[in-house]
file protein.txt (compact mmCIF, C-alpha atoms)
# COMPACT_ATOMS: atom_id res chain seq x y z
CA MET S 952 52.07 209.69 167.28
CA SER S 953 50.87 211.10 164.02
CA PHE S 954 52.55 212.94 161.19
CA MET S 955 51.43 215.18 158.34
CA LEU S 956 50.56 213.43 155.11
CA THR S 957 50.07 215.32 151.87
CA LEU S 958 48.90 213.44 148.81
CA VAL S 959 48.68 215.61 145.72
CA THR S 960 48.54 215.28 141.97
CA GLN S 961 49.01 218.07 139.47
CA GLU S 962 45.25 218.27 139.18
CA ARG S 963 44.06 218.05 142.77
CA GLU S 964 44.85 217.60 146.43
CA LEU S 965 43.56 214.36 147.93
CA ILE S 966 44.91 214.30 151.45
CA SER S 967 46.37 216.94 153.69
CA GLU S 968 46.04 215.80 157.27
CA GLU S 969 47.57 214.08 160.27
CA VAL S 970 47.79 210.31 159.88
CA ASP S 971 49.45 207.46 161.79
CA PHE S 972 50.86 205.22 159.11
CA VAL S 973 51.46 205.15 155.37
CA LYS S 974 52.44 202.27 153.14
CA ALA S 975 53.53 202.96 149.56
CA ASN S 976 55.04 201.09 146.67
CA GLY S 977 58.54 202.38 145.93
CA VAL S 978 60.60 201.35 142.91
CA ASP S 979 62.76 199.18 145.17
CA GLY S 980 59.82 197.63 146.97
CA GLU S 981 57.09 198.52 149.39
CA PHE S 982 57.83 200.68 152.38
CA GLY S 983 55.90 201.70 155.45
CA VAL S 984 56.32 204.96 157.28
CA LEU S 985 55.65 205.84 160.92
CA THR S 986 56.44 209.10 162.67
CA GLY S 987 60.14 209.80 163.05
CA HIS S 988 61.26 208.03 159.90
CA SER S 989 64.68 209.08 158.67
CA PRO S 990 64.53 211.40 155.65
CA PHE S 991 64.39 209.75 152.29
CA ILE S 992 63.07 210.29 148.81
CA SER S 993 61.77 207.52 146.63
CA LEU S 994 60.29 207.17 143.21
CA LEU S 995 57.01 205.27 143.22
CA ASP S 996 55.87 202.37 141.07
CA PRO S 997 52.22 201.85 140.24
CA GLY S 998 50.66 200.37 143.33
CA GLU S 999 48.47 200.71 146.33
CA LEU S 1000 48.86 203.44 148.89
CA VAL S 1001 47.48 202.53 152.29
CA VAL S 1002 46.89 205.18 154.90
CA ARG S 1003 45.98 204.48 158.51
CA LYS S 1004 44.40 207.15 160.60
CA GLY S 1005 43.32 206.05 164.06
CA GLU S 1006 41.32 202.90 163.52
CA SER S 1007 40.49 203.52 159.86
CA LEU S 1008 42.40 202.39 156.85
CA TYR S 1009 42.12 204.15 153.52
CA SER S 1010 43.28 202.82 150.22
CA TYR S 1011 44.34 204.59 147.01
CA TYR S 1012 45.66 203.55 143.67
CA VAL S 1013 48.77 205.56 142.77
CA SER S 1014 50.15 205.31 139.24
CA GLY S 1015 53.60 206.56 140.14
CA GLY S 1016 55.35 209.67 141.36
CA VAL S 1017 57.70 210.71 144.10
CA ALA S 1018 57.47 210.41 147.87
CA GLU S 1019 59.43 212.61 150.22
CA VAL S 1020 59.64 211.27 153.76
CA LEU S 1021 60.68 213.55 156.60
CA PRO S 1022 60.53 212.79 160.33
CA LYS S 1023 57.29 214.70 160.81
CA SER S 1024 55.76 214.69 157.37
CA VAL S 1025 55.31 212.71 154.19
CA ILE S 1026 54.65 214.37 150.87
CA ILE S 1027 53.53 212.27 147.95
CA LEU S 1028 53.66 213.94 144.57
CA ALA S 1029 51.69 211.46 142.54
CA ASN S 1030 51.15 211.29 138.79
CA THR S 1031 47.56 210.14 139.08
CA VAL S 1032 45.58 208.86 142.02
CA GLU S 1033 42.27 207.06 142.27
CA ARG S 1034 40.43 206.68 145.52
CA ALA S 1035 39.45 203.07 146.10
CA ASP S 1036 35.81 203.91 145.40
CA GLU S 1037 36.69 205.71 142.17
CA ILE S 1038 38.22 202.71 140.48
CA ASP S 1039 36.17 201.50 137.56
CA GLU S 1040 36.16 197.75 138.01
CA GLN S 1041 34.65 196.89 134.63
CA MET S 1042 37.17 199.02 132.82
CA ALA S 1043 40.06 197.57 134.81
CA LYS S 1044 38.89 194.05 134.03
CA ARG S 1045 38.56 194.78 130.34
CA ALA S 1046 41.98 196.41 130.24
CA ARG S 1047 43.53 193.45 132.01
CA GLN S 1048 41.95 191.03 129.60
CA ASN S 1049 43.17 193.07 126.66
CA ALA S 1050 46.68 193.04 128.01
CA GLU S 1051 46.59 189.31 128.68
CA GLU S 1052 45.43 188.57 125.18
CA ALA S 1053 47.96 190.90 123.63
CA LEU S 1054 50.74 189.17 125.53
CA LYS S 1055 49.82 185.86 123.93
CA GLN S 1056 50.44 187.30 120.47
CA PRO S 1057 53.93 187.52 119.05
CA ILE S 1058 54.83 191.17 119.71
CA SER S 1059 57.91 193.32 119.98
CA GLU S 1060 59.87 193.64 123.19
CA ILE S 1061 58.75 197.23 123.76
CA GLU S 1062 55.12 196.33 123.31
CA ARG S 1063 55.52 193.36 125.58
CA ARG S 1064 56.88 195.58 128.30
CA THR S 1065 54.06 198.09 127.94
CA TYR S 1066 51.48 195.36 128.25
CA LEU S 1067 53.21 193.76 131.23
CA LEU S 1068 53.11 197.14 132.95
CA GLU S 1069 49.47 197.52 132.00
CA LEU S 1070 48.74 194.07 133.38
CA LYS S 1071 50.41 194.95 136.65
CA ARG S 1072 48.54 198.23 136.92
CA GLU S 1073 45.17 196.66 136.38
CA SER S 1074 45.91 193.80 138.79
CA VAL S 1075 46.71 196.31 141.52
CA ARG S 1076 43.51 198.21 140.76
CA LEU S 1077 41.43 195.06 140.91
CA SER S 1078 42.98 193.83 144.14
CA ILE S 1079 42.17 197.18 145.75
CA VAL S 1080 38.59 196.86 144.56
CA ALA S 1081 38.32 193.29 145.81
CA ARG S 1082 39.53 194.20 149.26
CA ARG S 1083 37.22 197.15 149.47
CA ARG S 1084 34.24 194.94 148.74
CA SER S 1085 34.85 192.93 151.88
CA THR S 1086 33.77 195.92 154.01
CA ARG S 1087 30.79 198.19 154.19
CA HIS S 1088 32.70 201.44 153.97
CA PRO S 1089 33.53 202.83 150.56
CA GLY S 1090 37.14 203.83 150.24
CA GLN S 1091 37.94 202.17 153.51
CA ILE S 1092 39.35 198.71 154.07
CA THR S 1093 39.60 196.49 157.09
CA GLU S 1094 42.77 195.97 159.07
CA GLU S 1095 44.86 193.24 157.47
CA MET R 117 19.78 268.69 115.91
CA PRO R 118 19.85 264.93 115.31
CA SER R 119 16.78 263.50 113.69
CA LEU R 120 14.40 261.22 115.53
CA ARG R 121 15.16 258.39 113.23
CA SER R 122 18.94 258.58 113.65
CA ILE R 123 18.60 258.53 117.44
CA ARG R 124 16.28 255.56 117.28
CA GLY R 125 18.92 253.76 115.21
CA ARG R 126 21.64 254.56 117.71
CA ILE R 127 19.61 253.35 120.67
CA LYS R 128 19.01 250.14 118.87
CA SER R 129 22.69 249.60 118.13
CA VAL R 130 23.72 250.32 121.72
CA LYS R 131 21.08 247.88 122.89
CA ASN R 132 22.65 245.24 120.67
CA THR R 133 26.05 245.98 122.13
CA ARG R 134 24.62 245.72 125.62
CA GLN R 135 23.21 242.33 124.81
CA ILE R 136 26.56 241.10 123.56
CA THR R 137 28.52 242.38 126.53
CA LYS R 138 25.92 240.95 128.87
CA ALA R 139 26.24 237.54 127.23
CA MET R 140 30.03 237.71 127.37
CA GLU R 141 29.85 238.61 131.02
CA MET R 142 27.74 235.59 131.78
CA VAL R 143 29.93 233.23 129.78
CA ALA R 144 33.04 234.58 131.48
CA SER R 145 31.53 234.26 134.92
CA ALA R 146 30.57 230.64 134.33
CA LYS R 147 34.05 229.84 133.07
CA MET R 148 35.57 231.84 135.88
CA ARG R 149 33.99 229.71 138.56
CA LYS R 150 35.48 226.56 137.07
CA ALA R 151 38.84 228.19 136.50
CA GLN R 152 38.97 229.40 140.09
CA MET R 153 38.34 225.89 141.30
CA ARG R 154 41.12 224.64 139.09
CA VAL R 155 43.48 227.21 140.55
CA ARG R 156 42.61 226.00 144.03
CA ASP R 157 43.14 222.38 142.99
CA THR R 158 46.46 222.88 141.25
CA ARG R 159 48.12 225.13 143.81
CA PRO R 160 49.04 222.46 146.41
CA TYR R 161 51.11 220.33 144.02
CA ALA R 162 52.99 223.32 142.67
CA GLU R 163 53.70 224.56 146.18
CA LYS R 164 54.88 221.20 147.44
CA ILE R 165 57.16 220.42 144.54
CA LEU R 166 58.60 223.91 144.75
CA GLU R 167 59.36 223.48 148.44
CA LEU R 168 60.93 220.12 147.76
CA MET R 169 63.14 221.52 145.01
CA VAL R 170 64.25 224.38 147.22
CA ARG R 171 65.19 221.89 149.93
CA LEU R 172 67.07 219.75 147.42
CA SER R 173 68.89 222.75 146.00
CA ALA R 174 70.31 223.50 149.45
CA ILE R 175 72.08 220.13 149.59
CA GLU R 176 75.78 220.48 148.88
CA SER R 177 76.15 217.33 146.77
CA HIS R 178 73.53 218.57 144.29
CA ARG R 179 75.43 221.73 143.47
CA PRO R 180 77.16 220.37 140.37
CA ASN R 181 73.80 219.52 138.78
CA ILE R 182 73.28 221.91 135.91
CA PHE R 183 69.78 222.83 137.07
CA PHE R 184 71.00 223.97 140.49
CA LYS R 185 74.14 225.79 139.43
CA THR R 186 74.06 229.56 139.04
CA ARG R 187 76.05 230.73 136.05
CA PRO R 188 76.93 234.11 134.59
CA VAL R 189 73.87 235.43 132.81
CA THR R 190 74.07 236.31 129.14
CA THR R 191 70.75 235.02 127.82
CA ILE R 192 67.52 234.93 129.77
CA GLY R 193 64.62 232.78 128.68
CA ILE R 194 61.19 234.16 129.38
CA ILE R 195 58.06 232.06 129.45
CA LEU R 196 55.32 234.54 128.75
CA VAL R 197 51.85 233.42 129.71
CA THR R 198 49.10 235.52 128.16
CA THR R 199 45.55 235.12 126.95
CA ASP R 200 44.44 234.16 123.46
CA ARG R 201 41.71 236.76 123.29
CA GLY R 202 41.30 240.37 124.23
CA LEU R 203 38.45 242.15 125.97
CA CYS R 204 39.75 241.11 129.32
CA GLY R 205 40.74 244.37 130.91
CA PRO R 206 44.35 245.37 131.41
CA ILE R 207 45.82 242.02 132.41
CA ASN R 208 47.93 241.41 129.29
CA ALA R 209 49.11 245.00 129.13
CA ASN R 210 50.17 244.81 132.78
CA VAL R 211 52.22 241.69 132.14
CA PHE R 212 53.88 243.30 129.10
CA ARG R 213 54.74 246.35 131.15
CA GLN R 214 56.39 244.12 133.71
CA VAL R 215 58.33 242.28 131.01
CA ASN R 216 59.56 245.59 129.59
CA LYS R 217 60.66 246.79 132.98
CA PHE R 218 62.38 243.48 133.67
CA MET R 219 64.34 243.79 130.44
CA ALA R 220 65.18 247.44 131.04
CA ASP R 221 66.62 246.48 134.44
CA ARG R 222 69.05 244.04 132.81
CA PRO R 223 70.81 246.06 130.13
CA GLY R 224 73.60 243.54 129.41
CA ALA R 225 71.42 240.52 128.84
CA ARG R 226 69.82 239.00 125.77
CA PHE R 227 66.23 237.80 125.91
CA GLU R 228 64.41 234.97 124.23
CA PHE R 229 60.80 234.00 124.61
CA VAL R 230 58.58 230.99 124.83
CA VAL R 231 55.08 232.30 124.46
CA ILE R 232 51.77 230.86 125.55
CA GLY R 233 48.76 232.75 124.18
CA LYS R 234 48.12 234.84 121.05
CA LYS R 235 48.39 238.19 122.78
CA GLY R 236 51.90 237.36 123.88
CA GLN R 237 52.85 236.35 120.35
CA ASP R 238 51.71 239.73 119.10
CA PHE R 239 53.70 241.45 121.82
CA VAL R 240 56.91 239.59 121.06
CA ARG R 241 56.54 240.19 117.32
CA ARG R 242 55.84 243.88 117.85
CA SER R 243 58.83 244.43 120.07
CA GLY R 244 61.11 242.50 117.73
CA TYR R 245 62.28 239.80 120.13
CA LYS R 246 62.93 236.20 119.32
CA ALA R 247 60.34 233.58 120.20
CA VAL R 248 61.90 230.12 120.17
CA GLY R 249 58.57 228.49 120.77
CA SER R 250 54.98 229.50 121.01
CA ILE R 251 51.69 227.80 121.58
CA SER R 252 48.18 229.14 121.51
CA GLY R 253 44.70 227.74 121.79
CA VAL R 254 45.44 226.04 125.10
CA LYS R 255 42.21 224.78 126.61
CA ASP R 256 41.23 225.75 130.10
CA ARG R 257 40.23 222.25 131.05
CA GLY R 258 43.34 221.63 133.03
CA LYS R 259 45.33 219.04 131.09
CA ILE R 260 49.05 219.40 131.46
CA GLU R 261 49.84 217.74 128.11
CA GLU R 262 48.87 220.88 126.24
CA ILE R 263 51.69 223.00 127.57
CA LEU R 264 54.40 220.34 127.44
CA PRO R 265 55.76 221.45 124.04
CA ALA R 266 56.50 224.86 125.51
CA THR R 267 58.17 223.58 128.67
CA GLN R 268 60.25 221.03 126.78
CA VAL R 269 61.74 223.73 124.56
CA ALA R 270 62.58 225.80 127.61
CA ILE R 271 64.19 222.96 129.55
CA GLU R 272 66.18 221.90 126.52
CA ASP R 273 67.48 225.42 125.98
CA PHE R 274 68.52 225.72 129.59
CA LYS R 275 70.15 222.32 129.71
CA GLU R 276 72.22 222.98 126.63
CA GLY R 277 73.41 226.29 127.95
CA ARG R 278 71.63 228.54 125.46
CA TRP R 279 69.70 230.02 128.35
CA ASP R 280 71.27 230.87 131.68
CA GLU R 281 68.08 231.67 133.52
CA VAL R 282 64.42 230.91 132.92
CA TRP R 283 61.66 233.16 134.18
CA VAL R 284 57.92 232.90 133.91
CA PHE R 285 55.60 235.90 133.58
CA TYR R 286 51.88 235.53 134.18
CA THR R 287 48.90 237.06 135.91
CA GLU R 288 48.23 235.70 139.34
CA PHE R 289 44.65 235.22 140.36
CA VAL R 290 44.13 236.97 143.68
CA SER R 291 40.37 237.37 143.66
CA THR R 292 37.59 238.11 141.23
CA LEU R 293 38.31 241.80 141.59
CA SER R 294 42.08 241.65 141.65
CA GLN R 295 44.67 240.03 139.40
CA LYS R 296 48.36 240.71 139.76
CA PRO R 297 51.11 240.49 137.14
CA ARG R 298 53.85 238.27 138.52
CA MET R 299 57.34 237.16 137.52
CA GLU R 300 59.19 234.20 138.95
CA LYS R 301 62.58 232.68 138.35
CA LEU R 302 62.24 228.96 137.69
CA LEU R 303 65.76 227.93 136.71
CA PRO R 304 68.37 227.52 138.00
CA ILE R 305 66.70 226.25 141.13
CA GLY R 306 67.94 227.90 144.29
CA PRO R 307 66.69 229.38 147.52
CA ASP R 308 65.87 232.58 145.65
CA VAL R 309 63.46 230.79 143.32
CA VAL R 310 60.07 232.48 143.51
CA GLU R 311 59.63 235.30 145.96
CA GLY R 312 58.20 233.88 149.14
CA GLY R 313 58.66 230.41 147.67
CA GLY R 314 58.99 227.59 150.15
CA LYS R 315 57.63 229.84 152.85
CA GLY R 316 55.97 226.96 154.65
CA ALA R 317 58.84 224.60 153.92
CA SER R 318 60.43 222.86 156.84
CA PRO R 319 64.06 223.97 157.02
CA PHE R 320 65.47 220.53 156.47
CA LEU R 321 69.05 220.83 155.36
CA GLY R 322 70.42 217.34 155.90
CA GLU R 323 70.93 214.53 153.43
CA TYR R 324 68.24 212.16 152.29
CA LEU R 325 68.43 208.52 151.44
CA TYR R 326 67.54 208.04 147.80
CA GLU R 327 65.69 205.26 146.16
CA PRO R 328 66.92 204.38 143.54
CA ASP R 329 69.58 207.16 143.47
CA THR R 330 70.00 210.93 143.36
CA THR R 331 70.58 211.32 139.67
CA GLU R 332 67.60 209.29 138.67
CA ILE R 333 65.32 211.09 141.12
CA LEU R 334 66.49 214.50 139.97
CA ASP R 335 66.05 213.48 136.34
CA VAL R 336 62.42 212.74 137.11
CA LEU R 337 61.79 215.60 139.49
CA ILE R 338 63.30 218.54 137.63
CA PRO R 339 61.23 218.35 134.43
CA ARG R 340 58.20 217.58 136.56
CA TYR R 341 58.84 220.61 138.75
CA PHE R 342 59.20 222.84 135.73
CA GLU R 343 56.11 221.54 133.95
CA SER R 344 53.87 221.65 136.99
CA ILE R 345 54.81 225.18 137.91
CA VAL R 346 54.27 226.47 134.38
CA PHE R 347 51.03 224.50 134.14
CA GLN R 348 49.81 225.93 137.41
CA ARG R 349 50.71 229.44 136.24
CA VAL R 350 48.71 228.89 133.07
CA MET R 351 45.74 227.91 135.22
CA GLU R 352 46.22 231.09 137.27
CA ASN R 353 46.25 233.04 134.05
CA PHE R 354 42.95 231.51 132.91
CA ALA R 355 41.24 232.37 136.18
CA SER R 356 42.61 235.90 135.89
CA GLU R 357 41.52 236.19 132.27
CA TYR R 358 37.93 235.18 132.97
CA SER R 359 37.66 237.32 136.08
CA ALA R 360 39.05 240.33 134.28
CA ARG R 361 36.80 239.74 131.30
CA MET R 362 33.76 239.39 133.49
CA MET R 363 34.51 242.68 135.21
CA ALA R 364 35.29 244.45 131.95
CA MET R 365 32.08 243.21 130.39
CA ARG R 366 30.06 244.12 133.47
CA ASN R 367 31.38 247.68 133.21
CA ALA R 368 30.65 247.76 129.49
CA THR R 369 27.10 246.60 130.13
CA SER R 370 26.44 249.25 132.72
CA ASN R 371 27.98 251.92 130.49
CA ALA R 372 25.69 250.82 127.69
CA LYS R 373 22.72 251.10 130.03
CA GLU R 374 23.70 254.64 130.92
CA VAL R 375 24.08 255.62 127.26
CA ILE R 376 20.70 254.13 126.44
CA TYR R 377 19.12 256.07 129.29
CA GLN R 378 20.61 259.37 128.15
CA MET R 379 19.68 258.81 124.53
CA THR R 380 16.15 257.82 125.44
CA LEU R 381 15.80 261.13 127.29
CA ILE R 382 16.93 263.07 124.24
CA TYR R 383 14.71 260.97 122.02
CA ASN R 384 11.64 261.68 124.15
CA LYS R 385 12.37 265.39 124.29
CA LEU R 386 12.69 265.51 120.53
CA ARG R 387 9.53 263.52 120.08
CA GLN R 388 7.59 265.86 122.37
CA ALA R 389 9.02 268.90 120.64
CA ALA R 390 7.90 267.50 117.31
CA ILE R 391 4.40 266.83 118.63
CA THR R 392 4.15 270.31 120.12
CA ARG R 393 5.27 271.80 116.85
CA GLU R 394 2.74 269.84 114.91
CA ILE R 395 -0.10 270.81 117.24
CA SER R 396 0.79 274.48 117.05
CA GLU R 397 0.96 274.25 113.29
CA ILE R 398 -2.48 272.66 113.14
CA ALA R 399 -3.84 275.16 115.63
CA SER R 400 -2.49 278.14 113.74
CA GLY R 401 -3.75 276.62 110.50
CA ALA R 402 -7.25 276.28 111.99
CA GLU R 403 -7.07 279.85 113.29
CA ALA R 404 -6.19 281.09 109.80
CA VAL R 405 -9.11 279.22 108.29
CA LYS R 406 -11.52 280.67 110.90
CA GLN R 407 -10.35 284.22 110.26
CA GLY R 408 -10.42 283.76 106.53
call {"tool": "encode", "arguments": {"input": "protein.txt", "output": "structure tokens"}}
result
Amino acid sequence: MSFMLTLVTQERELISEEVDFVKANGVDGEFGVLTGHSPFISLLDPGELVVRKGESLYSYYVSGGVAEVLPKSVIILANTVERADEIDEQMAKRARQNAEEALKQPISEIERRTYLLELKRESVRLSIVARRRSTRHPGQITEE
Amino acid sequence: MPSLRSIRGRIKSVKNTRQITKAMEMVASAKMRKAQMRVRDTRPYAEKILELMVRLSAIESHRPNIFFKTRPVTTIGIILVTTDRGLCGPINANVFRQVNKFMADRPGARFEFVVIGKKGQDFVRRSGYKAVGSISGVKDRGKIEEILPATQVAIEDFKEGRWDEVWVFYTEFVSTLSQKPRMEKLLPIGPDVVEGGGKGASPFLGEYLYEPDTTEILDVLIPRYFESIVFQRVMENFASEYSARMMAMRNATSNAKEVIYQMTLIYNKLRQAAITREISEIASGAEAVKQG
């Protein structure tokens, strides 16, 4: 039983096809969707989006946005998306290090929050990269 | 009878013009290809968010939200998307004609503008309307940040009740040969938003579950909807601009070629006539010497 998944950003369309399962990171926690899910709309936090189609799993980094779930379709209006193989590991590492160091300094509450968010973002990016490395297929990860 | 020299000068100047139009044609066609791709890339998001908003607007409990509620219309806000430069065929003029007709059809209403593009600024100034905001020099590279100042003004005006409706006017990119002036109502959001809008939308009319809650989701979605649609329309306008300019410049180039051809004919005729005249003068001169 598959349903229609659309993953779009303002700048491009990444997915528009039938898939079997989607897992996304909502503001109130992760959620998984199979066909026939009851309708709901959720804001998304930065996190990983996992898509299963048949035997293959695909992984994306989503920086936030809105997901609309309907029984036969899921539409994800994302702010920005990176395919797993598009993530720049070096840059993510550097950014994470920057954030970690900045957090050690005495800084204002607002700054602290920005850096914490940054830290979280980069950690998600890096964990996607790490998982991808354990397989041969770019952009595709093994069944957990 | 024009002199040989003056015709030679004119041929030269038309040749220069041809070179310029030819270059502009090539520049426009290179930009056009990229802009067309950007139109293709940005359409899905705009379509999807539009469909979603139409579905949300049909839900009873959202009615009180100011962005969904229809109110008596006294002032209409118009977002006018035009080009910065001319020499792109009739596309700006067509949009202005549509704006004028739109205003003529609504005699009781007042109109205010948010303008994107220099040509639109000129139009609004000429016709004596009020522009509450205007931006120009937007790049065609497809970054949404550049148009945010314009959309923020518009949303603010609508939210605070200064505007009762917001429309966008732009030129839709149909194909390289065809660009259509279009107008669309963006606010308030309702089933009548955008002709043929939400055509592929599933007719879901039930309630959703919301995470975290309705208000917060709508607060995020509504500005996003507005920005993305306007942004997408600006991208359409760029593709239209470059296509129209390419065609206009192609026509100009072929006209220049024709003019050069005609003038070269005249030039050659004149040149031959001059040669013939000279020969006959020499010949008659020689004859006179012989007889003398």
call {"tool": "closest_residue", "arguments": {"input": "protein.txt", "among": "S:Ser1024, S:Gln1041, S:Ser953, S:Ser1014", "to": "chain R", "atoms": "all atoms listed in the file"}}
result
S:Ser1024
call {"tool": "interface_residues", "arguments": {"input": "protein.txt", "of": "chain R", "to": "chain S", "cutoff": "10 Å", "atoms": "only C-alpha atoms", "output": "PyMOL selection string"}}
result
chain R and resi 153-162+164-165+168+258-260+318+320+322-330+332-333+336-337+340+343-345+347-348
call {"tool": "closest_residue", "arguments": {"input": "protein.txt", "among": "R:Ile232, R:Val254, R:Met362, R:Val215", "to": "R:Ser294", "atoms": "all atoms listed in the file"}}
result
R:Met362
call {"tool": "residues_near_point", "arguments": {"input": "protein.txt", "point": "(37.2, 227.8, 137.1)", "cutoff": "10 Å", "atoms": "all atoms listed in the file", "output": "MDAnalysis selection string"}}
result
chainID R and resid 144:157 256:258 351:352 354:356 358:359
call {"tool": "closest_residue", "arguments": {"input": "protein.txt", "among": "R:Arg298, R:Ile195, R:Arg179, R:Thr287", "to": "R:Val248", "atoms": "all atoms listed in the file"}}
result
R:Ile195
call {"tool": "residues_near_point", "arguments": {"input": "protein.txt", "point": "(54.1, 200.0, 145.5)", "cutoff": "7 Å", "atoms": "all atoms listed in the file", "output": "PyMOL selection string"}}
result
chain S and resi 975-977+980-981+995-999
call {"tool": "write_last_selection", "arguments": {"input": "protein.txt", "atoms": "C-alpha atoms", "output": "compact mmCIF listing (two decimals), keeping the file's coordinate frame"}}
result
# COMPACT_ATOMS: atom_id res chain seq x y z
CA ALA S 975 53.53 202.96 149.56
CA ASN S 976 55.04 201.09 146.67
CA GLY S 977 58.54 202.38 145.93
CA GLY S 980 59.82 197.63 146.97
CA GLU S 981 57.09 198.52 149.39
CA LEU S 995 57.01 205.27 143.22
CA ASP S 996 55.87 202.37 141.07
CA PRO S 997 52.22 201.85 140.24
CA GLY S 998 50.66 200.37 143.33
CA GLU S 999 48.47 200.71 146.33
call {"tool": "residues_around", "arguments": {"input": "protein.txt", "residues": "S:Arg1045", "least_positions_apart": "4", "cutoff": "12 Å", "atoms": "only C-alpha atoms", "output": "number ranges by chain"}}
result
S: 1039-1041, 1049-1052, 1069-1070, 1073-1074, 1077
call {"tool": "axis_aligned_box", "arguments": {"input": "protein.txt", "around": "stretch 323-339 of chain R", "padding_each_side": "5 Å", "output": "AutoDock Vina command-line options"}}
result
--center_x 66.1 --center_y 211.5 --center_z 143.9 --size_x 19.7 --size_y 24.2 --size_z 29.0
call {"tool": "closest_residue", "arguments": {"input": "protein.txt", "among": "R:Asp308, R:Glu167, R:Glu276, R:Glu262", "to": "R:Ser250", "atoms": "only C-alpha atoms"}}
result
R:Glu262
call {"tool": "closest_residue", "arguments": {"input": "protein.txt", "among": "S:Leu1000, S:Val1025, S:Ile966, S:Ile1058", "to": "S:His988", "atoms": "only C-alpha atoms"}}
result
S:Val1025
call {"tool": "closest_residue", "arguments": {"input": "protein.txt", "among": "S:Leu985, S:Ala1043, S:Leu1008, S:Ala1035", "to": "S:Arg1072", "atoms": "only C-alpha atoms"}}
result
S:Ala1043
call {"tool": "build_atoms", "arguments": {"input": "protein.txt", "residues": "stretch 1037-1048 of chain S", "atoms": "N, CA, C and O atoms", "output": "mmCIF file, in the frame of the given file"}}
result
data_model
loop_
_atom_site.group_PDB
_atom_site.id
_atom_site.type_symbol
_atom_site.label_atom_id
_atom_site.label_comp_id
_atom_site.auth_asym_id
_atom_site.auth_seq_id
_atom_site.Cartn_x
_atom_site.Cartn_y
_atom_site.Cartn_z
ATOM 1 N N GLU S 1037 36.758 205.100 143.503
ATOM 2 C CA GLU S 1037 36.690 205.710 142.170
ATOM 3 C C GLU S 1037 37.120 204.741 141.074
ATOM 4 O O GLU S 1037 36.995 205.038 139.897
ATOM 5 N N ILE S 1038 37.685 203.634 141.485
ATOM 6 C CA ILE S 1038 38.220 202.710 140.480
ATOM 7 C C ILE S 1038 37.067 202.073 139.708
ATOM 8 O O ILE S 1038 36.102 201.597 140.283
ATOM 9 N N ASP S 1039 37.192 202.088 138.419
ATOM 10 C CA ASP S 1039 36.170 201.500 137.560
ATOM 11 C C ASP S 1039 36.519 200.030 137.323
ATOM 12 O O ASP S 1039 37.414 199.703 136.551
ATOM 13 N N GLU S 1040 35.784 199.169 138.026
ATOM 14 C CA GLU S 1040 36.160 197.750 138.010
ATOM 15 C C GLU S 1040 36.013 197.147 136.619
ATOM 16 O O GLU S 1040 36.891 196.436 136.135
ATOM 17 N N GLN S 1041 34.890 197.466 135.959
ATOM 18 C CA GLN S 1041 34.650 196.890 134.630
ATOM 19 C C GLN S 1041 35.778 197.254 133.671
ATOM 20 O O GLN S 1041 36.311 196.417 132.951
ATOM 21 N N MET S 1042 36.146 198.534 133.738
ATOM 22 C CA MET S 1042 37.170 199.020 132.820
ATOM 23 C C MET S 1042 38.496 198.327 133.117
ATOM 24 O O MET S 1042 39.219 197.910 132.213
ATOM 25 N N ALA S 1043 38.807 198.208 134.412
ATOM 26 C CA ALA S 1043 40.060 197.570 134.810
ATOM 27 C C ALA S 1043 40.091 196.122 134.319
ATOM 28 O O ALA S 1043 41.104 195.647 133.810
ATOM 29 N N LYS S 1044 38.952 195.443 134.461
ATOM 30 C CA LYS S 1044 38.890 194.050 134.030
ATOM 31 C C LYS S 1044 39.119 193.924 132.527
ATOM 32 O O LYS S 1044 39.879 193.096 132.058
ATOM 33 N N ARG S 1045 38.418 194.792 131.802
ATOM 34 C CA ARG S 1045 38.560 194.780 130.340
ATOM 35 C C ARG S 1045 39.996 195.030 129.933
ATOM 36 O O ARG S 1045 40.564 194.331 129.101
ATOM 37 N N ALA S 1046 40.600 196.034 130.586
ATOM 38 C CA ALA S 1046 41.980 196.410 130.240
ATOM 39 C C ALA S 1046 42.924 195.253 130.544
ATOM 40 O O ALA S 1046 43.848 194.973 129.785
ATOM 41 N N ARG S 1047 42.645 194.556 131.665
ATOM 42 C CA ARG S 1047 43.530 193.450 132.010
ATOM 43 C C ARG S 1047 43.421 192.328 130.986
ATOM 44 O O ARG S 1047 44.401 191.747 130.546
ATOM 45 N N GLN S 1048 42.168 192.069 130.593
ATOM 46 C CA GLN S 1048 41.950 191.030 129.600
ATOM 47 C C GLN S 1048 42.650 191.367 128.290
ATOM 48 O O GLN S 1048 43.319 190.525 127.692
#
